[in-house]
Amino acid sequence: MTAPDRVAADRAAQQGSADVATVLGLRSRGAALVVACAWTAFAALGLASGDVRAPAAYVGGFVILGAGWVAGLRSPSDPMRPWHAVAVAASGVAASGLSVWAAEVSDRAAVLSLGGAEALTSLVLAVRGQIAIAWAGGLLGVLATAVAAQARDIDFVTAAQIAVPGNIGILAAATFFAMIIRPRVRQISAMRRLRERGLRERGLGERGGADGEPLAVRGDRIRQLQDRVRPLLERIASGEPLTDREVAMCLLVEAGLRDRIRAPGLDVPELAEAAWQARARGVRVLLLDDRKAAPVLDSTVLHDVRQAAVGVLTGARAGAQVTVRLLPERRDRYATIAVAEDGSARRIDFPPEPAEGGRPAR
């Protein structure tokens with residue numbers, strides 16, 4: 001594995017699945033340039049209107065608003081951490097109030113430039129997964145507008161009608177957008193993880209690692225899957241009723257595909273074949289990988305889990321249930337294999353590596 005590939009794989013393992021900000025490029029230089037241009041345009045438009053009664057407060061509102069945008073885009077977690085989101089929402093609330101306090105409501109441009117820009121704050125919050133806080137901030141922004149109007153003895157309706165309807169409309173659209181885009185991002189993240197796994201496996205195969213899966217083996221597995229799936233798809237497309245044997249084959253293929261999605265850390269040829277054969281005998285098999293980020297290199301413990309799972313699945317009889325699970329990080333166990341058979345149950349625990357040698361404790 002080359003040095004750049006290793007760095008990329010290490011970074012992928014540390015970050016886990018890509019979040020919305022990463023997939024949409026919200027932390028990129030291009031995004032920063034767009035935000036800077038939008039902020040500058042809003043501020044210039046407001047100040048050029050000539051009806052700013054308190055320039056220091058008006059500029060301060062834009063500074064607070066801009067800081068909120070930057071914090072919303074740069075927040076490292078996904079969804080955004082609640083206290084980060086609250087701070088970002090507060091910046092929008094402040095901008096809403098200051099837009100009425102610092103500008104003359106007779107000039108819609110001055111109020112709308114600062115008060116309307118708050119809608120982008122709501123958009124950032126919604127896209128970053130904090131829709132409830134975005135709505136809370138939007139409603140508090142209306143309240144801040146009312147407080148500022150009362151403090152200046154201005155009719156609330158006159159002040160609110162400038163920016164509030166547009167802000168609420170944009171907030172509703174942002175909510176709809178976030179509800180559509182976030183699930184798609186998770187799908188993109190899953191595809192990225194598969195690509196990163198391929199990068200790591202290619203590096204291991206080139207080095208001849210014991211746990212590596214060379215590209216030739218991967219190609220053989222894809223061809224094997226195609227050989228199993230294509231006849232079934234052609235049979236289904238013909239419109240003829242499927243036989244019981246063909247239905248059983250479809251269920252086996254579906255279960256194998258689910259394993260690859262739900263348990264990428266257990267996706268090796270020998271374990272996949274053992275699961276296939278066990279299901280064909282009537283064994284109920286469930287493979288799970290609940291880790292947030294797979295390691296760059298396969299560990300000794302993971303190798304032991306795979307080998308033990310193959311042994312258990314090979315020996316399981318019809319009617320048994322076998323569950324193999326890689327546990328989330330920072331647990332007192334690395335993995336478990338649970339077997340329910342003939343009215344009894346047993347579990348094989350794998351302790352974290354490497355202090356305890358990575359050997360299973362029964």
# chains A, B, ... in the order shown; residues from 1 in each chain; ligands from 1
$ residues_around --residues "A:Val322" --least-positions-apart "6" --cutoff "9 Å" --atoms "only C-alpha atoms" --output "ChimeraX atom specification"
/A:283-287,309,312-313,316,337-341
$ residues_around --residues "A:Leu125" --least-positions-apart "6" --cutoff "9 Å" --atoms "only C-alpha atoms" --output "ChimeraX atom specification"
/A:72-73,80,85,88-89,131-134,174
$ residues_around --residues "A:Gly68" --least-positions-apart "6" --cutoff "12 Å" --atoms "only C-alpha atoms" --output "ChimeraX atom specification"
/A:35,39,61-62,74-75,84-95,117-125
$ select_by_dssp --residues "stretch 244-356 of chain A" --states "helix (DSSP H, G or I)" --output "ChimeraX atom specification"
/A:244-262,264-266,269-280,300-315
$ write_last_selection --atoms "C-alpha atoms" --output "compact mmCIF listing (two decimals), in the first residue's frame"
# COMPACT_ATOMS: atom_id res chain seq x y z
CA ASP A 244 -40.01 -23.95 -4.32
CA ARG A 245 -36.33 -24.58 -4.97
CA GLU A 246 -36.00 -21.31 -6.91
CA VAL A 247 -37.77 -19.37 -4.16
CA ALA A 248 -35.37 -20.87 -1.62
CA MET A 249 -32.44 -19.84 -3.83
CA CYS A 250 -33.78 -16.28 -4.04
CA LEU A 251 -33.97 -16.11 -0.25
CA LEU A 252 -30.38 -17.35 0.05
CA VAL A 253 -29.13 -14.75 -2.43
CA GLU A 254 -31.03 -11.98 -0.64
CA ALA A 255 -29.62 -13.06 2.74
CA GLY A 256 -26.08 -13.06 1.33
CA LEU A 257 -26.49 -9.53 -0.04
CA ARG A 258 -27.86 -8.35 3.30
CA ASP A 259 -24.81 -9.82 5.05
CA ARG A 260 -22.48 -7.77 2.87
CA ILE A 261 -24.34 -4.58 3.80
CA ARG A 262 -24.94 -5.23 7.50
CA PRO A 264 -18.81 -5.70 6.07
CA GLY A 265 -16.22 -6.83 8.64
CA LEU A 266 -17.45 -10.42 8.24
CA PRO A 269 -15.31 -15.85 1.18
CA GLU A 270 -15.09 -18.68 3.68
CA LEU A 271 -17.60 -17.11 6.09
CA ALA A 272 -20.00 -16.17 3.29
CA GLU A 273 -19.93 -19.75 1.98
CA ALA A 274 -20.42 -21.19 5.47
CA ALA A 275 -23.43 -18.91 6.04
CA TRP A 276 -24.87 -19.89 2.66
CA GLN A 277 -24.56 -23.62 3.37
CA ALA A 278 -25.93 -23.23 6.90
CA ARG A 279 -29.00 -21.36 5.67
CA ALA A 280 -29.53 -24.00 2.99
CA THR A 300 -5.93 -11.02 15.06
CA VAL A 301 -9.19 -10.92 16.99
CA LEU A 302 -11.22 -10.30 13.84
CA HIS A 303 -9.48 -13.23 12.17
CA ASP A 304 -10.34 -15.44 15.16
CA VAL A 305 -13.98 -14.30 15.08
CA ARG A 306 -14.26 -15.20 11.41
CA GLN A 307 -12.67 -18.61 11.87
CA ALA A 308 -14.82 -19.39 14.92
CA ALA A 309 -17.96 -18.30 13.04
CA VAL A 310 -17.10 -20.63 10.16
CA GLY A 311 -16.70 -23.51 12.61
CA VAL A 312 -19.99 -22.79 14.36
CA LEU A 313 -21.93 -22.41 11.12
CA THR A 314 -20.44 -25.59 9.67
CA GLY A 315 -21.53 -27.60 12.70
$ atom_distance --atom1 "atom CA of A:Asp290" --atom2 "atom CA of A:Arg331"
11.2 Å
$ atom_distance --atom1 "atom CA of A:Gly319" --atom2 "atom CA of A:Ile236"
28.9 Å
$ atom_distance --atom1 "atom CA of A:Trp69" --atom2 "atom CA of A:Leu143"
20.9 Å
$ closest_residue --among "A:Glu240, A:Glu104, A:Asp342, A:Asp153" --to "A:Ser49" --atoms "only C-alpha atoms"
A:Glu104
$ residues_around --residues "A:Ala103" --least-positions-apart "3" --cutoff "8 Å" --atoms "only C-alpha atoms" --output "ChimeraX atom specification"
/A:51-54,58,98-100,107,110-111
$ closest_residue --among "A:Arg81, A:Arg128, A:Arg317, A:Arg325" --to "A:Thr22" --atoms "only C-alpha atoms"
A:Arg128
$ closest_residue --among "A:Gly50, A:Gly282, A:Gly66, A:Pro352" --to "A:Ala32" --atoms "only C-alpha atoms"
A:Gly66
$ residues_around --residues "A:Val142" --least-positions-apart "3" --cutoff "9 Å" --atoms "only C-alpha atoms" --output "ChimeraX atom specification"
/A:93,96-97,137-139,145-147,160,164
$ residues_around --residues "A:Ala126" --least-positions-apart "4" --cutoff "6 Å" --atoms "only C-alpha atoms" --output "list in words"
Gln130, Ile131, Thr175 and Ala178 of chain A
